[in-house]
Amino acid sequence: MDNLCMVAEIEECDFSKVLERPRTLNMDRERQKSFDERSLSELSIGFSPRLFPRVADNTVRTVSDILDGAFSPGRRSGFNTPRSLFGFEPHPMVGEAWDALRRSLVYFRGKPVGTIAALDNSEEELNYDQVFVRDFVPSALAFLMNGEPEIVKNFILKTLRLQSWEKKIDRFQLGEGVMPASFKVLHDPVRNSETLIADFGESAIGRVAPVDSGFWWIILLRAYTKSTGDSSLAEMPECQKGMRLILSLCLSEGFDTFPTLLCADGCCMIDRRMGVYGYPIEIQALFFMALRCALVLLKQDAEGKEFVERIVKRLHALSYHMRSYFWLDLKQLNDIYRYKTEEYSHTAVNKFNVIPDSLPEWVFDFMPLKGGYFIGNVSPAKMDFRWFGLGNCIAILSSLATEEQSNAIMDLIESRWEELVGEMPLKVCYPAIESHEWRIVTGCDPKNTRWSYHNGGSWPVLLWLLTAACIKTGRPQIARRAIEIAETRLLKDNWPEYYDGKVGRFIGKQARKFQTWSIAGYLVAKMMLEDPSHLGMISLEEDKQLKPPLRRSSSWTF
């Protein structure tokens, strides 16, 4: 066997094997490999036979049929193709979406470096005229899928440059590895010059640094490498250093007794006070995915090898912790309902001393007979049982969720379609908090009232994550149904940022129109459904070595 383990090959290795032999990324060899020559796992991560429809002769199309020429993974998402593999007609609003996405492009010294958050001229700009790291991810994926990687490369390099800036809030200096939440291009007409200005949290509501930005940056770097077959960008010393700086922040030792990351409220997509402080599922899932991507991208030189070892150890601990303690299904819910408290020993079942009386009434009705999900937060004497869309979808794509858990999450979405999808996909969280709880948890936030914004609002951007999760679990029909629902409203409503109401019926009361990630999320969902090989750039296969031994009551079966 070749001692050299390439980017795609490493993804199929057990993590434990990464430590057993030296590894060098053979970039020339990787670049010479065309999409059509890549392996099944590289192009079709998570494919299921259910994904492929029957054709006229009643035979089922397989992955090999596709790789033999049923479609070309490298082609641009086509408006000129009359019908795709899945009988998927290009929708008239796809062209409108591309026009809107291109209007949102931001240029710095003549080169595109990102897309602004929203192009709504009817509202005060606030910070919606900036390029947000998390917001740009669906835009970047859309451009990569359409064969336009240059803007993604420019964005990666510009944000990397911003990472090196000195970062201070008042008199306190932030960690060197912190990535900006956003940046803006300032034009000086007098000097005829352009400069970049970055926000690391010092201008954000609540002054919270963006924990997720660094993780999205690593994930996007891997997506660029996977999509283009060009690993020279990731190999650059600057990119290698950037990854190590991000990892240094989240792998540092402290007083933690858990492998999860302790975070403040407002440090991620939910960037306002919403009771997600502690160990929110969104951050843990992104953390897990970023670690796996970094494991592929880091060189095993003198500096990189130490990080690889630390990543492997953390992944084993993190996957066990999340799959054991954050997972909830009917059996696990019943176990928690019957918990004893005040257990003092290493054999305790109720390890976090959760009081059964703290279980919310709604969760008993919400939990279907078949299905499950990763709950929002677990910490001492606290379990947040809310369902969070982004965290659960990323858990599927990163394989933080096992195959059984991934299918259970999709079962839950199907069973609770009206609650989680309704009239506009997808709920950012469920259910909404209200009345006295809303006053305590949000501090009476007028933007996060019940069934609005982060508090049970419906966010079209999550459509791309839902679609990717559907394809990976072999259920494209769920994605198609969600996309069809979105197509009845999005263009007509001018691409709102979010929708309000229990079923997402109303345009959000403070939602910006022409929200870029709503536009890009729709395009990415359409392109992935049309050409499922695109899933490879944003999905990772499960490593069997990460399945923990069952030492306690497990809520999934084999």
# chains A, B, ... in the order shown; residues from 1 in each chain; ligands from 1
$ residues_around --residues "Thr488 (chain A)" --least-positions-apart "5" --cutoff "12 Å" --atoms "only C-alpha atoms" --output "MDAnalysis selection string"
chainID A and resid 91:93 423:425 481:483 493:495 505
$ residues_around --residues "Gly275 (chain A)" --least-positions-apart "2" --cutoff "7 Å" --atoms "only C-alpha atoms" --output "list in words"
Asp265, Arg273, Tyr277, Val441 and Thr442 of chain A
$ write_last_selection --atoms "N, CA and C atoms" --output "PDB file, in the first residue's frame"
ATOM      1  N   ASP A 265     -23.655  32.815  25.251  1.00  0.00           N
ATOM      2  CA  ASP A 265     -24.799  33.069  24.381  1.00  0.00           C
ATOM      3  C   ASP A 265     -24.364  33.976  23.228  1.00  0.00           C
ATOM      4  N   ARG A 273     -29.203  36.669  22.833  1.00  0.00           N
ATOM      5  CA  ARG A 273     -29.437  35.894  24.049  1.00  0.00           C
ATOM      6  C   ARG A 273     -30.662  34.978  23.864  1.00  0.00           C
ATOM      7  N   TYR A 277     -26.163  29.356  26.010  1.00  0.00           N
ATOM      8  CA  TYR A 277     -24.851  29.348  26.672  1.00  0.00           C
ATOM      9  C   TYR A 277     -24.600  27.966  27.287  1.00  0.00           C
ATOM     10  N   VAL A 441     -35.167  34.107  29.886  1.00  0.00           N
ATOM     11  CA  VAL A 441     -34.118  33.569  29.007  1.00  0.00           C
ATOM     12  C   VAL A 441     -33.576  34.615  28.043  1.00  0.00           C
ATOM     13  N   THR A 442     -34.450  35.418  27.435  1.00  0.00           N
ATOM     14  CA  THR A 442     -33.989  36.377  26.419  1.00  0.00           C
ATOM     15  C   THR A 442     -33.761  37.762  26.973  1.00  0.00           C
TER      16      THR A 442
END
$ closest_residue --among "A:Val312, A:Leu119, A:Leu126, A:Ala97" --to "Asp543 (chain A)" --atoms "only C-alpha atoms"
A:Val312
$ residues_around --residues "Cys268 (chain A)" --least-positions-apart "6" --cutoff "12 Å" --atoms "only C-alpha atoms" --output "PyMOL selection string"
chain A and resi 132-135+180-181+201+204+208-216+274+276-277+279-287+390-391+454
$ residues_around --residues "Ser139 (chain A)" --least-positions-apart "2" --cutoff "8 Å" --atoms "only C-alpha atoms" --output "PDB file with N, CA and C atoms, in the first residue's frame"
ATOM      1  N   LEU A 101     -27.847  36.736  -6.455  1.00  0.00           N
ATOM      2  CA  LEU A 101     -26.605  36.379  -5.777  1.00  0.00           C
ATOM      3  C   LEU A 101     -25.434  37.177  -6.341  1.00  0.00           C
ATOM      4  N   THR A 115     -19.877  38.005  -0.381  1.00  0.00           N
ATOM      5  CA  THR A 115     -21.215  38.524  -0.677  1.00  0.00           C
ATOM      6  C   THR A 115     -21.757  39.207   0.577  1.00  0.00           C
ATOM      7  N   ASP A 135     -22.408  33.540   6.890  1.00  0.00           N
ATOM      8  CA  ASP A 135     -23.378  33.816   5.824  1.00  0.00           C
ATOM      9  C   ASP A 135     -22.822  33.478   4.451  1.00  0.00           C
ATOM     10  N   PHE A 136     -21.504  33.628   4.293  1.00  0.00           N
ATOM     11  CA  PHE A 136     -20.913  33.408   2.976  1.00  0.00           C
ATOM     12  C   PHE A 136     -20.816  31.932   2.616  1.00  0.00           C
ATOM     13  N   VAL A 137     -20.897  31.036   3.588  1.00  0.00           N
ATOM     14  CA  VAL A 137     -20.703  29.614   3.307  1.00  0.00           C
ATOM     15  C   VAL A 137     -21.644  29.089   2.220  1.00  0.00           C
ATOM     16  N   LEU A 141     -20.490  27.723  -1.501  1.00  0.00           N
ATOM     17  CA  LEU A 141     -20.840  26.403  -2.034  1.00  0.00           C
ATOM     18  C   LEU A 141     -21.533  26.528  -3.386  1.00  0.00           C
ATOM     19  N   ALA A 142     -22.387  27.533  -3.523  1.00  0.00           N
ATOM     20  CA  ALA A 142     -23.066  27.743  -4.802  1.00  0.00           C
ATOM     21  C   ALA A 142     -22.056  28.024  -5.908  1.00  0.00           C
ATOM     22  N   PHE A 143     -21.089  28.887  -5.634  1.00  0.00           N
ATOM     23  CA  PHE A 143     -20.079  29.200  -6.643  1.00  0.00           C
ATOM     24  C   PHE A 143     -19.189  27.992  -6.939  1.00  0.00           C
ATOM     25  N   THR A 516     -28.978  37.383   1.330  1.00  0.00           N
ATOM     26  CA  THR A 516     -28.120  36.621   0.422  1.00  0.00           C
ATOM     27  C   THR A 516     -28.085  35.139   0.753  1.00  0.00           C
ATOM     28  N   TRP A 517     -28.036  34.791   2.030  1.00  0.00           N
ATOM     29  CA  TRP A 517     -27.923  33.360   2.312  1.00  0.00           C
ATOM     30  C   TRP A 517     -29.249  32.632   2.110  1.00  0.00           C
ATOM     31  N   ALA A 520     -28.719  31.965  -1.654  1.00  0.00           N
ATOM     32  CA  ALA A 520     -27.686  30.952  -1.885  1.00  0.00           C
ATOM     33  C   ALA A 520     -28.108  29.594  -1.341  1.00  0.00           C
ATOM     34  N   GLY A 521     -28.795  29.584  -0.199  1.00  0.00           N
ATOM     35  CA  GLY A 521     -29.260  28.318   0.365  1.00  0.00           C
ATOM     36  C   GLY A 521     -30.194  27.590  -0.580  1.00  0.00           C
TER      37      GLY A 521
END
$ closest_atom_pairs --of "region 266-378 of chain A" --to "region 245-249 of chain A" --cutoff "10 Å" --atoms "only C-alpha atoms" --output "tab-separated table"
residue	atom	partner	partner_atom	distance
A:Phe287	CA	A:Leu247	CA	9.6
A:Ala290	CA	A:Leu247	CA	9.1
A:Leu291	CA	A:Leu247	CA	8.0
A:Ala294	CA	A:Leu247	CA	8.6
A:Phe307	CA	A:Leu247	CA	7.8
A:Arg310	CA	A:Leu247	CA	9.5
A:Ile311	CA	A:Leu247	CA	8.6
$ residues_around --residues "Glu123 (chain A)" --least-positions-apart "4" --cutoff "12 Å" --atoms "only C-alpha atoms" --output "list of chain:residue names"
A:Ala118, A:Leu119, A:Asn127, A:Tyr128, A:Asp129, A:Gln510, A:Ala511, A:Arg512, A:Lys513, A:Phe514, A:Gln515
$ select_by_dssp --residues "region 66-238 of chain A" --states "strand (DSSP E)" --output "list in words"
Leu105, Val106, Tyr107, Phe108, Lys111, Pro112, Val113, Gly114, Thr115, Val131, Phe132, Lys168, Ile169, Phe172, Gln173, Ser182, Phe183, Lys184, Val185, Leu186, His187, Asp188, Ser193, Glu194, Thr195, Leu196, Ile197, Ala198 and Asp199 of chain A
$ atom_distance --atom1 "CA of Cys393 (chain A)" --atom2 "CA of Ile413 (chain A)"
10.8 Å
$ residues_around --residues "Arg450 (chain A)" --least-positions-apart "6" --cutoff "8 Å" --atoms "only C-alpha atoms" --output "VMD selection string"
chain A and resid 432 to 434 438 456
$ write_last_selection --atoms "N, CA, C and O atoms" --output "compact mmCIF listing (two decimals), in the first residue's frame"
# COMPACT_ATOMS: atom_id res chain seq x y z
N ALA A 432 -40.80 27.44 20.43
CA ALA A 432 -40.49 28.78 20.90
C ALA A 432 -40.64 28.85 22.41
O ALA A 432 -41.40 28.10 23.01
N ILE A 433 -39.88 29.73 23.01
CA ILE A 433 -40.07 30.00 24.44
C ILE A 433 -40.93 31.26 24.56
O ILE A 433 -40.83 32.18 23.74
N GLU A 434 -41.78 31.32 25.55
CA GLU A 434 -42.72 32.43 25.66
C GLU A 434 -43.02 32.76 27.12
O GLU A 434 -42.54 32.09 28.03
N TRP A 438 -39.68 33.36 28.42
CA TRP A 438 -39.11 34.27 27.42
C TRP A 438 -38.46 35.48 28.09
O TRP A 438 -37.37 35.91 27.71
N GLY A 456 -37.85 30.18 17.36
CA GLY A 456 -38.86 29.40 16.64
C GLY A 456 -39.19 29.95 15.28
O GLY A 456 -40.20 29.55 14.68
$ closest_residue --among "A:Val354, A:Ile169, A:Ala408, A:Ala117" --to "Gly371 (chain A)" --atoms "only C-alpha atoms"
A:Ala408
$ atom_distance --atom1 "CA of Leu298 (chain A)" --atom2 "CA of Glu150 (chain A)"
21.9 Å
$ select_by_dssp --residues "region 151-340 of chain A" --states "alpha helix (DSSP H)" --output "ChimeraX atom specification"
/A:151-163,211-228,232-235,237-251,281-297,302-321,330-337
$ closest_residue --among "A:Glu238, A:Asp188, A:Glu202, A:Glu343" --to "Gln173 (chain A)" --atoms "only C-alpha atoms"
A:Glu202
